[in-house]
$ cat run.cif   # mmCIF, C-alpha atoms and all ligand atoms
data_structure
#
loop_
_atom_site.label_atom_id
_atom_site.label_comp_id
_atom_site.auth_asym_id
_atom_site.auth_seq_id
_atom_site.Cartn_x
_atom_site.Cartn_y
_atom_site.Cartn_z
CA MET A 17 -4.78 11.90 -5.01
CA GLU A 18 -6.22 11.34 -1.54
CA ARG A 19 -5.65 7.97 0.16
CA GLU A 20 -9.42 7.25 0.07
CA ASP A 21 -9.86 8.02 -3.65
CA LYS A 22 -11.16 5.13 -5.73
CA ILE A 23 -8.50 4.02 -8.21
CA TYR A 24 -9.07 1.83 -11.26
CA ILE A 25 -5.95 0.23 -12.76
CA ALA A 26 -6.91 -1.21 -16.15
CA GLY A 27 -4.54 -4.14 -16.77
CA HIS A 28 -3.60 -4.64 -13.08
CA LYS A 29 -2.51 -8.24 -13.73
CA GLY A 30 0.00 -7.21 -16.38
CA MET A 31 3.65 -6.31 -15.84
CA VAL A 32 3.16 -2.53 -15.57
CA GLY A 33 -0.34 -2.55 -14.07
CA SER A 34 0.72 -4.90 -11.27
CA ALA A 35 3.78 -2.69 -10.59
CA ILE A 36 1.54 0.39 -10.36
CA HIS A 37 -0.75 -1.50 -7.96
CA ARG A 38 2.19 -2.50 -5.71
CA LYS A 39 3.53 1.07 -5.77
CA LEU A 40 0.15 2.58 -4.81
CA LEU A 41 -0.32 0.02 -2.02
CA GLY A 42 3.15 1.00 -0.76
CA HIS A 43 2.06 4.66 -0.70
CA GLY A 44 -1.00 3.80 1.43
CA PHE A 45 -3.73 3.83 -1.23
CA HIS A 46 -6.29 1.14 -0.53
CA ASN A 47 -9.53 1.89 -2.39
CA PHE A 48 -9.03 -0.01 -5.65
CA VAL A 49 -11.46 -1.29 -8.21
CA LEU A 50 -9.77 -4.06 -10.19
CA LYS A 51 -11.11 -6.30 -12.94
CA SER A 52 -9.18 -8.96 -14.80
CA HIS A 53 -9.42 -9.35 -18.59
CA LYS A 54 -11.79 -12.30 -17.99
CA GLU A 55 -14.06 -10.24 -15.72
CA LEU A 56 -14.15 -7.17 -17.98
CA ASP A 57 -13.20 -7.23 -21.65
CA LEU A 58 -12.24 -3.62 -22.35
CA THR A 59 -12.93 -4.03 -26.08
CA ASP A 60 -16.62 -4.41 -25.13
CA GLN A 61 -17.97 -0.87 -25.17
CA ARG A 62 -21.24 -1.61 -23.35
CA ALA A 63 -19.50 -3.56 -20.60
CA VAL A 64 -16.94 -0.78 -20.09
CA GLU A 65 -19.61 1.89 -19.89
CA ALA A 66 -21.66 -0.18 -17.41
CA PHE A 67 -18.52 -0.68 -15.30
CA PHE A 68 -17.76 3.07 -15.14
CA ALA A 69 -21.43 3.92 -14.50
CA GLY A 70 -21.50 1.48 -11.58
CA GLU A 71 -18.07 2.04 -10.03
CA ARG A 72 -17.37 5.72 -10.80
CA PRO A 73 -13.63 5.62 -10.08
CA ASP A 74 -11.83 8.89 -9.22
CA TYR A 75 -8.50 8.02 -10.86
CA VAL A 76 -7.69 5.72 -13.79
CA PHE A 77 -4.36 4.25 -14.88
CA LEU A 78 -4.89 2.81 -18.39
CA ALA A 79 -2.23 0.05 -18.49
CA ALA A 80 -4.32 -2.55 -20.36
CA ALA A 81 -3.32 -3.19 -23.95
CA ARG A 82 -2.50 -5.89 -26.42
CA VAL A 83 1.29 -5.95 -26.05
CA GLY A 84 3.94 -8.06 -27.79
CA GLY A 85 7.41 -8.21 -29.31
CA ILE A 86 8.43 -7.81 -32.95
CA ALA A 87 7.22 -11.24 -34.12
CA ALA A 88 3.78 -10.83 -32.52
CA ASN A 89 3.41 -7.33 -34.01
CA ILE A 90 4.39 -8.47 -37.51
CA ALA A 91 1.99 -11.43 -37.33
CA ALA A 92 -1.10 -9.57 -36.09
CA PRO A 93 -1.17 -5.85 -37.05
CA VAL A 94 -4.99 -5.94 -37.28
CA GLU A 95 -5.42 -7.04 -33.66
CA PHE A 96 -2.68 -4.71 -32.39
CA LEU A 97 -4.42 -1.74 -34.00
CA LEU A 98 -8.04 -2.72 -33.47
CA GLU A 99 -7.99 -4.06 -29.91
CA ASN A 100 -5.82 -1.23 -28.63
CA LEU A 101 -8.04 1.38 -30.28
CA GLN A 102 -11.14 -0.25 -28.81
CA ILE A 103 -9.67 -0.49 -25.29
CA GLN A 104 -8.49 3.14 -25.34
CA CYS A 105 -11.62 4.66 -26.86
CA ASN A 106 -13.90 2.75 -24.49
CA VAL A 107 -11.94 3.54 -21.32
CA ILE A 108 -11.08 7.17 -22.12
CA SER A 109 -14.59 8.14 -23.30
CA SER A 110 -16.27 6.40 -20.33
CA ALA A 111 -13.81 8.03 -17.93
CA TYR A 112 -14.89 11.43 -19.20
CA LYS A 113 -18.59 10.57 -19.24
CA TYR A 114 -18.56 9.28 -15.65
CA GLY A 115 -16.55 12.12 -14.11
CA VAL A 116 -13.11 10.58 -13.55
CA LYS A 117 -10.93 13.27 -11.89
CA LYS A 118 -7.75 12.25 -13.68
CA LEU A 119 -6.67 9.58 -16.15
CA MET A 120 -3.21 8.44 -17.23
CA PHE A 121 -2.82 6.71 -20.60
CA LEU A 122 0.24 4.51 -21.15
CA GLY A 123 1.67 4.73 -24.65
CA SER A 124 5.02 3.56 -25.98
CA SER A 125 8.21 4.94 -27.51
CA CYS A 126 7.29 3.24 -30.82
CA ILE A 127 5.03 6.25 -31.54
CA TYR A 128 8.11 8.11 -32.85
CA PRO A 129 9.15 8.19 -36.54
CA LYS A 130 11.77 5.61 -37.40
CA ASP A 131 14.18 8.25 -38.74
CA ALA A 132 13.66 10.85 -36.01
CA PRO A 133 16.82 12.34 -34.45
CA GLN A 134 18.02 10.69 -31.23
CA PRO A 135 17.38 11.10 -28.35
CA LEU A 136 13.65 11.26 -29.10
CA LYS A 137 12.05 14.47 -27.89
CA GLU A 138 8.30 14.72 -27.33
CA GLU A 139 8.01 17.28 -30.16
CA TYR A 140 9.21 14.74 -32.79
CA LEU A 141 5.80 13.06 -32.76
CA MET A 142 4.26 12.83 -36.26
CA THR A 143 7.26 14.28 -38.08
CA GLY A 144 7.90 11.18 -40.23
CA LEU A 145 7.07 7.58 -41.11
CA LEU A 146 6.73 4.92 -38.41
CA GLU A 147 8.77 1.74 -38.01
CA PRO A 148 6.81 -0.76 -40.20
CA THR A 149 7.22 -3.77 -37.87
CA ASN A 150 4.94 -2.23 -35.20
CA GLU A 151 3.03 0.38 -37.13
CA GLY A 152 -0.46 -0.86 -36.13
CA TYR A 153 0.40 -0.73 -32.42
CA ALA A 154 2.03 2.71 -32.82
CA VAL A 155 -0.96 4.17 -34.69
CA ALA A 156 -3.23 3.00 -31.85
CA LYS A 157 -0.94 4.57 -29.22
CA ILE A 158 -0.75 7.89 -31.12
CA THR A 159 -4.56 7.93 -31.31
CA GLY A 160 -4.79 7.29 -27.56
CA LEU A 161 -2.49 10.13 -26.60
CA LYS A 162 -4.21 12.49 -29.06
CA LEU A 163 -7.62 11.55 -27.65
CA CYS A 164 -6.38 12.49 -24.16
CA GLU A 165 -4.99 15.78 -25.47
CA TYR A 166 -8.26 16.58 -27.23
CA TYR A 167 -10.33 15.79 -24.12
CA ARG A 168 -8.13 18.21 -22.18
CA LYS A 169 -8.35 20.92 -24.86
CA GLN A 170 -12.03 20.62 -25.74
CA TYR A 171 -13.59 19.60 -22.40
CA GLY A 172 -10.96 20.52 -19.79
CA ALA A 173 -10.53 16.87 -18.71
CA ASP A 174 -7.37 16.17 -16.67
CA PHE A 175 -6.15 13.33 -18.90
CA ILE A 176 -2.40 12.83 -19.34
CA SER A 177 -0.23 10.39 -21.30
CA VAL A 178 3.20 8.90 -20.72
CA MET A 179 5.49 7.24 -23.30
CA PRO A 180 7.82 4.65 -21.77
CA CYS A 181 10.87 3.04 -23.37
CA ASN A 182 11.19 -0.78 -23.42
CA LEU A 183 10.24 -2.20 -20.03
CA TYR A 184 11.04 -5.42 -18.21
CA GLY A 185 10.27 -6.83 -14.78
CA TYR A 186 8.02 -9.09 -12.72
CA TYR A 187 5.00 -10.65 -14.51
CA ASP A 188 6.62 -10.02 -17.89
CA ASN A 189 5.77 -12.32 -20.81
CA PHE A 190 8.52 -14.97 -20.98
CA ASP A 191 7.06 -16.75 -24.03
CA PRO A 192 10.00 -17.53 -26.38
CA GLU A 193 8.22 -16.35 -29.57
CA LYS A 194 6.02 -13.48 -28.31
CA SER A 195 8.24 -11.79 -25.72
CA HIS A 196 10.35 -8.63 -25.69
CA ILE A 197 14.14 -8.71 -25.57
CA VAL A 198 14.77 -9.04 -21.81
CA PRO A 199 12.29 -11.79 -20.85
CA GLY A 200 13.01 -13.65 -24.11
CA LEU A 201 16.76 -13.70 -23.43
CA ILE A 202 16.39 -14.48 -19.72
CA ARG A 203 14.44 -17.57 -20.65
CA ARG A 204 16.76 -18.66 -23.46
CA PHE A 205 19.92 -18.19 -21.36
CA HIS A 206 18.36 -19.93 -18.37
CA GLU A 207 17.21 -22.91 -20.45
CA ALA A 208 20.60 -23.13 -22.18
CA LYS A 209 22.34 -23.08 -18.77
CA VAL A 210 20.11 -25.86 -17.43
CA SER A 211 20.38 -28.04 -20.53
CA GLY A 212 24.11 -27.38 -21.05
CA ARG A 213 23.63 -25.96 -24.57
CA GLY A 214 26.82 -24.37 -25.95
CA SER A 215 25.37 -21.23 -27.55
CA VAL A 216 22.36 -18.92 -27.57
CA ALA A 217 21.31 -16.89 -30.62
CA ILE A 218 20.09 -13.30 -30.42
CA TRP A 219 17.83 -11.84 -33.11
CA GLY A 220 19.45 -9.60 -35.70
CA SER A 221 23.03 -8.29 -35.71
CA GLY A 222 23.20 -7.32 -32.03
CA ARG A 223 24.27 -3.83 -33.11
CA SER A 224 20.92 -2.03 -32.72
CA TYR A 225 20.39 -0.08 -29.50
CA ARG A 226 17.68 -0.44 -26.85
CA GLU A 227 16.78 1.62 -23.80
CA LEU A 228 15.40 -0.46 -20.92
CA LEU A 229 13.62 0.52 -17.73
CA PHE A 230 12.63 -1.75 -14.84
CA ALA A 231 8.80 -1.84 -14.64
CA ASP A 232 8.75 -0.92 -10.93
CA GLU A 233 10.61 2.28 -11.84
CA MET A 234 8.06 2.95 -14.56
CA ALA A 235 5.32 2.50 -11.95
CA ASP A 236 7.10 4.92 -9.62
CA ALA A 237 7.25 7.53 -12.41
CA CYS A 238 3.56 6.96 -13.26
CA VAL A 239 2.41 7.51 -9.67
CA TYR A 240 4.72 10.54 -9.38
CA LEU A 241 3.29 12.14 -12.55
CA MET A 242 -0.29 11.26 -11.63
CA GLU A 243 0.22 13.32 -8.46
CA LYS A 244 2.36 16.13 -9.91
CA TYR A 245 1.73 16.63 -13.64
CA SER A 246 -1.31 18.07 -15.40
CA GLY A 247 0.29 19.68 -18.43
CA ASP A 248 -0.75 19.77 -22.09
CA GLY A 249 1.69 17.37 -23.72
CA PHE A 250 2.66 13.76 -23.01
CA VAL A 251 5.85 12.87 -21.09
CA ASN A 252 8.61 10.40 -22.06
CA ILE A 253 9.61 7.94 -19.33
CA GLY A 254 13.01 6.36 -19.86
CA TYR A 255 16.23 5.19 -18.28
CA GLY A 256 18.16 7.99 -19.99
CA LYS A 257 20.80 5.72 -21.59
CA ASP A 258 20.71 2.91 -24.14
CA TYR A 259 22.85 -0.18 -24.83
CA THR A 260 23.47 -2.34 -27.89
CA VAL A 261 21.47 -5.56 -28.03
CA MET A 262 24.80 -7.42 -27.67
CA GLU A 263 25.63 -5.46 -24.49
CA ILE A 264 22.18 -6.25 -23.11
CA ALA A 265 22.60 -9.93 -24.01
CA GLU A 266 26.00 -9.96 -22.24
CA ALA A 267 24.47 -8.36 -19.13
CA ILE A 268 21.68 -10.98 -19.08
CA ARG A 269 24.17 -13.79 -19.68
CA ARG A 270 26.16 -12.63 -16.63
CA THR A 271 22.98 -12.28 -14.53
CA VAL A 272 21.81 -15.78 -15.42
CA GLY A 273 25.30 -17.24 -14.97
CA TYR A 274 25.38 -18.86 -18.43
CA GLU A 275 28.88 -19.59 -19.66
CA GLY A 276 28.20 -20.49 -23.30
CA GLU A 277 28.59 -18.36 -26.41
CA ILE A 278 26.27 -15.66 -27.80
CA ILE A 279 25.75 -15.86 -31.56
CA THR A 280 23.77 -13.53 -33.84
CA ASP A 281 20.91 -14.54 -36.13
CA PRO A 282 20.88 -11.91 -38.93
CA ASP A 283 17.84 -13.53 -40.61
CA ARG A 284 15.60 -12.53 -37.71
CA PRO A 285 14.09 -8.99 -37.66
CA GLU A 286 15.66 -6.47 -35.30
CA GLY A 287 13.22 -3.54 -35.44
CA MET A 288 14.36 0.08 -35.01
CA GLN A 289 18.13 0.67 -35.08
CA ARG A 290 17.98 3.07 -32.17
CA LYS A 291 15.23 4.31 -29.89
CA VAL A 292 16.44 6.31 -26.91
CA LEU A 293 14.12 8.78 -25.24
CA ASP A 294 14.97 12.34 -24.32
CA THR A 295 13.91 12.47 -20.67
CA SER A 296 14.66 16.17 -20.03
CA LYS A 297 10.97 16.96 -19.47
CA LEU A 298 10.62 14.16 -16.89
CA LYS A 299 13.84 15.23 -15.14
CA ALA A 300 12.66 18.84 -15.05
CA LEU A 301 9.46 17.58 -13.40
CA GLY A 302 11.66 16.05 -10.68
CA TRP A 303 11.85 12.30 -11.45
CA THR A 304 14.93 10.16 -12.21
CA PRO A 305 15.39 6.35 -12.04
CA ARG A 306 17.15 4.71 -9.06
CA TYR A 307 18.12 1.20 -10.18
CA SER A 308 20.94 0.29 -12.59
CA LEU A 309 20.31 -2.10 -15.50
CA GLU A 310 22.23 -4.83 -13.60
CA GLU A 311 20.04 -4.40 -10.48
CA GLY A 312 16.82 -4.51 -12.51
CA LEU A 313 17.98 -7.61 -14.40
CA ARG A 314 18.96 -9.37 -11.17
CA MET A 315 15.55 -8.72 -9.56
CA THR A 316 13.75 -9.84 -12.72
CA TYR A 317 15.80 -13.03 -13.04
CA GLU A 318 15.21 -13.89 -9.37
CA TRP A 319 11.49 -13.40 -9.91
CA TYR A 320 11.57 -15.57 -13.05
CA VAL A 321 13.33 -18.42 -11.25
CA ALA A 322 10.96 -18.23 -8.27
CA ASN A 323 7.76 -17.97 -10.31
CA CYS A 324 8.18 -19.39 -13.81
CA VAL A 325 10.68 -22.21 -13.54
CA ARG A 326 9.31 -25.67 -12.74
CA VAL A 327 11.68 -27.70 -10.60
N1 LIG A 401 6.26 -4.02 -21.93
C1 LIG A 401 6.89 -3.00 -22.47
O1 LIG A 401 8.08 -3.07 -22.79
C2 LIG A 401 6.16 -1.71 -22.72
C3 LIG A 401 6.88 -0.67 -23.30
C4 LIG A 401 6.25 0.53 -23.55
C5 LIG A 401 4.92 0.66 -23.23
N2 LIG A 401 4.22 -0.35 -22.65
C6 LIG A 401 2.80 -0.10 -22.36
O2 LIG A 401 2.54 -0.34 -20.99
C7 LIG A 401 1.20 -0.85 -20.86
C8 LIG A 401 1.24 -2.16 -20.07
O3 LIG A 401 2.07 -3.09 -20.74
P1 LIG A 401 2.57 -4.43 -20.06
O4 LIG A 401 3.94 -4.67 -20.53
O5 LIG A 401 2.24 -4.40 -18.61
O6 LIG A 401 1.64 -5.50 -20.79
P2 LIG A 401 1.01 -6.85 -20.20
O7 LIG A 401 1.89 -7.43 -19.15
O8 LIG A 401 0.65 -7.68 -21.39
O9 LIG A 401 -0.31 -6.32 -19.50
C9 LIG A 401 -1.41 -5.87 -20.22
C10 LIG A 401 -2.65 -6.21 -19.46
O10 LIG A 401 -3.78 -5.78 -20.21
C11 LIG A 401 -4.74 -6.82 -20.19
N3 LIG A 401 -5.61 -6.76 -21.35
C12 LIG A 401 -5.26 -6.94 -22.66
N4 LIG A 401 -6.35 -6.85 -23.43
C13 LIG A 401 -7.41 -6.62 -22.61
C14 LIG A 401 -8.79 -6.45 -22.81
N5 LIG A 401 -9.33 -6.52 -24.04
N6 LIG A 401 -9.57 -6.24 -21.73
C15 LIG A 401 -9.05 -6.20 -20.48
N7 LIG A 401 -7.75 -6.35 -20.22
C16 LIG A 401 -6.93 -6.56 -21.28
C17 LIG A 401 -3.93 -8.10 -20.18
O11 LIG A 401 -4.70 -9.19 -19.73
P3 LIG A 401 -4.43 -10.66 -20.36
O12 LIG A 401 -2.97 -10.92 -20.18
O13 LIG A 401 -5.32 -11.53 -19.56
O14 LIG A 401 -4.81 -10.55 -21.80
C18 LIG A 401 -2.82 -7.71 -19.20
O15 LIG A 401 -3.21 -7.91 -17.86
C19 LIG A 401 0.65 -1.03 -22.27
O16 LIG A 401 -0.13 0.08 -22.60
C20 LIG A 401 1.89 -1.04 -23.13
O17 LIG A 401 1.62 -0.57 -24.40
C21 LIG A 401 4.82 -1.55 -22.39
#
$ encode --input "run.cif" --output "structure tokens" --more "lines below"
Ligand SMILES: NC(=O)c1ccc[n+]([C@@H]2O[C@H](COP(=O)([O-])OP(=O)(O)OC[C@H]3O[C@@H](n4cnc5c(N)ncnc54)[C@H](OP(=O)(O)O)[C@@H]3O)[C@@H](O)[C@H]2O)c1
Amino acid sequence: MEREDKIYIAGHKGMVGSAIHRKLLGHGFHNFVLKSHKELDLTDQRAVEAFFAGERPDYVFLAAARVGGIAANIAAPVEFLLENLQIQCNVISSAYKYGVKKLMFLGSSCIYPKDAPQPLKEEYLMTGLLEPTNEGYAVAKITGLKLCEYYRKQYGADFISVMPCNLYGYYDNFDPEKSHIVPGLIRRFHEAKVSGRGSVAIWGSGRSYRELLFADEMADACVYLMEKYSGDGFVNIGYGKDYTVMEIAEAIRRTVGYEGEIITDPDRPEGMQRKVLDTSKLKALGWTPRYSLEEGLRMTYEWYVANCVRV
């Protein structure tokens, strides 16, 4: 990428899109074309095509998607499948039609079969059944990465895909019902600390494992791969180590400074038992994360207090 190249970040107001934007600005890129969801609905095929025809970006980061935690995915599988398919098909096909030099599609580690061996290697894709709680979302993501692979194979388009583990960071969704594990627990621990509540419940047994990566690290890996990788297959992006949900809850409790008890709520769904990515391919390409889980949690909590908490 040259500093003058025109870059479109789809989803630049979201957690990952905004991190990619900050990272590119930090590297000296300045020629951005950015549209919020309100300004450009990416499920609208005509609008997307008109946008690409008019703007003709050189590089595209596709970080727009309907995203949510377990409860949101269980409640709305139709929207998670349909909207994500529409966004991906519209953006990827228009990118090809209007001569985009390179596109990066952001998928998710939920593309892997629920019983696949751990850590999850890229070649385990489509070797078994998916986790039912987020199947619609996963099917959409598999279709997106396959579409990129087919564009490369059939038309020689330089379209690549990356599959991140669970992410957390600035601009995350801190909604108590719709959020992922880290923002959900940050909010619940913070509110319990402020109100003096004696305990906070975590969903499920606390014994399932999660791998977490700070979104700014994810953005760093995305920019790195956009500049350095043009291979056939997709690339896992992960932290390289996972923790039990109870260990994560303890780490967040310490970060927030909450002194009450953590209790489990076995009636709530807990999703996949384990989901840790094999990041050998990414390491071999020359990228490894810099921040520890504690550092990422501290930065995220500071951001939450400064931006989401009303005094
Ligand atoms: N968060 C994670 O843990 C995680 C893990 C693995 C992979 N990923 C992937 O990373 C990417 C970014 O996720 P994120 O966590 O940054 O999500 P996010 O914070 O919800 O950001 C998604 C962005 O996409 C926008 N968007 C949604 N539907 C749109 C539409 N129809 N037209 C235009 N814009 C639309 C949203 O705008 P509005 O908010 O205005 O709707 C938002 O700005 C996604 O592809 C996701 O699948 C995320």
$ residues_around --input "run.cif" --residues "A:Arg284" --least-positions-apart "6" --cutoff "9 Å" --atoms "all atoms listed in the file" --output "ChimeraX atom specification"
/A:218-221
$ residues_near_ligand --input "run.cif" --ligand "ligand LIG 401 (chain A)" --cutoff "7 Å" --atoms "all atoms listed in the file" --output "tab-separated table (two decimals) with C-alpha atoms, keeping the file's coordinate frame"
chain	number	residue	atom	x	y	z
A	26	ALA	CA	-6.91	-1.21	-16.15
A	27	GLY	CA	-4.54	-4.14	-16.77
A	28	HIS	CA	-3.60	-4.64	-13.08
A	29	LYS	CA	-2.51	-8.24	-13.73
A	30	GLY	CA	0.00	-7.21	-16.38
A	31	MET	CA	3.65	-6.31	-15.84
A	32	VAL	CA	3.16	-2.53	-15.57
A	33	GLY	CA	-0.34	-2.55	-14.07
A	52	SER	CA	-9.18	-8.96	-14.80
A	53	HIS	CA	-9.42	-9.35	-18.59
A	54	LYS	CA	-11.79	-12.30	-17.99
A	56	LEU	CA	-14.15	-7.17	-17.98
A	57	ASP	CA	-13.20	-7.23	-21.65
A	58	LEU	CA	-12.24	-3.62	-22.35
A	59	THR	CA	-12.93	-4.03	-26.08
A	78	LEU	CA	-4.89	2.81	-18.39
A	79	ALA	CA	-2.23	0.05	-18.49
A	80	ALA	CA	-4.32	-2.55	-20.36
A	81	ALA	CA	-3.32	-3.19	-23.95
A	82	ARG	CA	-2.50	-5.89	-26.42
A	83	VAL	CA	1.29	-5.95	-26.05
A	99	GLU	CA	-7.99	-4.06	-29.91
A	103	ILE	CA	-9.67	-0.49	-25.29
A	122	LEU	CA	0.24	4.51	-21.15
A	123	GLY	CA	1.67	4.73	-24.65
A	124	SER	CA	5.02	3.56	-25.98
A	125	SER	CA	8.21	4.94	-27.51
A	179	MET	CA	5.49	7.24	-23.30
A	180	PRO	CA	7.82	4.65	-21.77
A	181	CYS	CA	10.87	3.04	-23.37
A	182	ASN	CA	11.19	-0.78	-23.42
A	183	LEU	CA	10.24	-2.20	-20.03
A	184	TYR	CA	11.04	-5.42	-18.21
A	187	TYR	CA	5.00	-10.65	-14.51
A	188	ASP	CA	6.62	-10.02	-17.89
A	189	ASN	CA	5.77	-12.32	-20.81
A	196	HIS	CA	10.35	-8.63	-25.69
$ atom_distance --input "run.cif" --atom1 "atom CA of A:Glu275" --atom2 "atom CA of A:Gly185"
23.1 Å
$ closest_residue --input "run.cif" --among "A:Leu293, A:Ile25, A:Tyr186, A:Asp258" --to "A:Ile127" --atoms "all atoms listed in the file"
A:Leu293
$ atom_distance --input "run.cif" --atom1 "atom CA of A:Gly249" --atom2 "atom CA of A:Leu228"
22.7 Å
$ residues_around --input "run.cif" --residues "A:Glu286" --least-positions-apart "3" --cutoff "12 Å" --atoms "only C-alpha atoms" --output "JSON, numbers by chain"
{"A": [85, 86, 87, 90, 147, 148, 149, 150, 196, 197, 218, 219, 220, 221, 222, 223, 224, 225, 226, 260, 261, 262, 280, 281, 282, 283, 289, 290]}
$ atom_distance --input "run.cif" --atom1 "atom CA of A:Asn252" --atom2 "atom CA of A:Glu318"
28.2 Å
$ closest_residue --input "run.cif" --among "A:Phe250, A:Val216, A:Glu95, A:Phe67" --to "A:Phe121" --atoms "all atoms listed in the file"
A:Phe250
$ residues_around --input "run.cif" --residues "A:Tyr140" --least-positions-apart "3" --cutoff "8 Å" --atoms "all atoms listed in the file" --output "list in words"
Tyr128, Pro129, Ala132, Leu136, Lys137 and Thr143 of chain A
$ closest_residue --input "run.cif" --among "A:Lys299, A:Arg326, A:Arg314, A:Lys257" --to "A:Leu229" --atoms "all atoms listed in the file"
A:Lys257
$ residues_near_point --input "run.cif" --point "(-9.6, 2.8, -28.6)" --cutoff "10 Å" --atoms "all atoms listed in the file" --output "ChimeraX atom specification"
/A:58-59,61,81,97-109,156-157,159-160,163
$ build_atoms --input "run.cif" --residues "stretch 50-69 of chain A" --atoms "N, CA and C atoms" --output "PDB file, in the coordinates of the input"
ATOM      1  N   LEU A  50     -10.639  -3.297  -9.292  1.00  0.00           N
ATOM      2  CA  LEU A  50      -9.770  -4.060 -10.190  1.00  0.00           C
ATOM      3  C   LEU A  50     -10.570  -5.149 -10.884  1.00  0.00           C
ATOM      4  N   LYS A  51     -10.408  -5.248 -12.180  1.00  0.00           N
ATOM      5  CA  LYS A  51     -11.110  -6.300 -12.940  1.00  0.00           C
ATOM      6  C   LYS A  51     -10.112  -6.948 -13.879  1.00  0.00           C
ATOM      7  N   SER A  52     -10.070  -8.270 -13.872  1.00  0.00           N
ATOM      8  CA  SER A  52      -9.180  -8.960 -14.800  1.00  0.00           C
ATOM      9  C   SER A  52      -9.760  -8.909 -16.215  1.00  0.00           C
ATOM     10  N   HIS A  53      -8.963  -9.301 -17.194  1.00  0.00           N
ATOM     11  CA  HIS A  53      -9.420  -9.350 -18.590  1.00  0.00           C
ATOM     12  C   HIS A  53     -10.670 -10.226 -18.698  1.00  0.00           C
ATOM     13  N   LYS A  54     -10.646 -11.365 -17.958  1.00  0.00           N
ATOM     14  CA  LYS A  54     -11.790 -12.300 -17.990  1.00  0.00           C
ATOM     15  C   LYS A  54     -13.052 -11.651 -17.430  1.00  0.00           C
ATOM     16  N   GLU A  55     -12.881 -10.866 -16.372  1.00  0.00           N
ATOM     17  CA  GLU A  55     -14.060 -10.240 -15.720  1.00  0.00           C
ATOM     18  C   GLU A  55     -14.597  -9.055 -16.514  1.00  0.00           C
ATOM     19  N   LEU A  56     -13.719  -8.336 -17.204  1.00  0.00           N
ATOM     20  CA  LEU A  56     -14.150  -7.170 -17.980  1.00  0.00           C
ATOM     21  C   LEU A  56     -13.297  -7.067 -19.233  1.00  0.00           C
ATOM     22  N   ASP A  57     -13.916  -7.368 -20.388  1.00  0.00           N
ATOM     23  CA  ASP A  57     -13.200  -7.230 -21.650  1.00  0.00           C
ATOM     24  C   ASP A  57     -13.321  -5.776 -22.096  1.00  0.00           C
ATOM     25  N   LEU A  58     -12.205  -5.068 -22.081  1.00  0.00           N
ATOM     26  CA  LEU A  58     -12.240  -3.620 -22.350  1.00  0.00           C
ATOM     27  C   LEU A  58     -12.503  -3.283 -23.812  1.00  0.00           C
ATOM     28  N   THR A  59     -12.530  -4.301 -24.687  1.00  0.00           N
ATOM     29  CA  THR A  59     -12.930  -4.030 -26.080  1.00  0.00           C
ATOM     30  C   THR A  59     -14.458  -3.985 -26.200  1.00  0.00           C
ATOM     31  N   ASP A  60     -15.153  -4.366 -25.122  1.00  0.00           N
ATOM     32  CA  ASP A  60     -16.620  -4.410 -25.130  1.00  0.00           C
ATOM     33  C   ASP A  60     -17.158  -3.078 -24.598  1.00  0.00           C
ATOM     34  N   GLN A  61     -17.610  -2.241 -25.528  1.00  0.00           N
ATOM     35  CA  GLN A  61     -17.970  -0.870 -25.170  1.00  0.00           C
ATOM     36  C   GLN A  61     -19.092  -0.791 -24.125  1.00  0.00           C
ATOM     37  N   ARG A  62     -20.124  -1.640 -24.304  1.00  0.00           N
ATOM     38  CA  ARG A  62     -21.240  -1.610 -23.350  1.00  0.00           C
ATOM     39  C   ARG A  62     -20.795  -2.008 -21.949  1.00  0.00           C
ATOM     40  N   ALA A  63     -19.965  -3.065 -21.903  1.00  0.00           N
ATOM     41  CA  ALA A  63     -19.500  -3.560 -20.600  1.00  0.00           C
ATOM     42  C   ALA A  63     -18.639  -2.491 -19.907  1.00  0.00           C
ATOM     43  N   VAL A  64     -17.811  -1.804 -20.681  1.00  0.00           N
ATOM     44  CA  VAL A  64     -16.940  -0.780 -20.090  1.00  0.00           C
ATOM     45  C   VAL A  64     -17.777   0.376 -19.551  1.00  0.00           C
ATOM     46  N   GLU A  65     -18.766   0.773 -20.332  1.00  0.00           N
ATOM     47  CA  GLU A  65     -19.610   1.890 -19.890  1.00  0.00           C
ATOM     48  C   GLU A  65     -20.380   1.513 -18.620  1.00  0.00           C
ATOM     49  N   ALA A  66     -20.912   0.282 -18.600  1.00  0.00           N
ATOM     50  CA  ALA A  66     -21.660  -0.180 -17.410  1.00  0.00           C
ATOM     51  C   ALA A  66     -20.735  -0.213 -16.189  1.00  0.00           C
ATOM     52  N   PHE A  67     -19.497  -0.619 -16.401  1.00  0.00           N
ATOM     53  CA  PHE A  67     -18.520  -0.680 -15.300  1.00  0.00           C
ATOM     54  C   PHE A  67     -18.275   0.730 -14.729  1.00  0.00           C
ATOM     55  N   PHE A  68     -18.027   1.700 -15.615  1.00  0.00           N
ATOM     56  CA  PHE A  68     -17.760   3.070 -15.140  1.00  0.00           C
ATOM     57  C   PHE A  68     -19.008   3.674 -14.491  1.00  0.00           C
ATOM     58  N   ALA A  69     -20.176   3.383 -15.066  1.00  0.00           N
ATOM     59  CA  ALA A  69     -21.430   3.920 -14.500  1.00  0.00           C
ATOM     60  C   ALA A  69     -21.641   3.373 -13.089  1.00  0.00           C
TER      61      ALA A  69
END
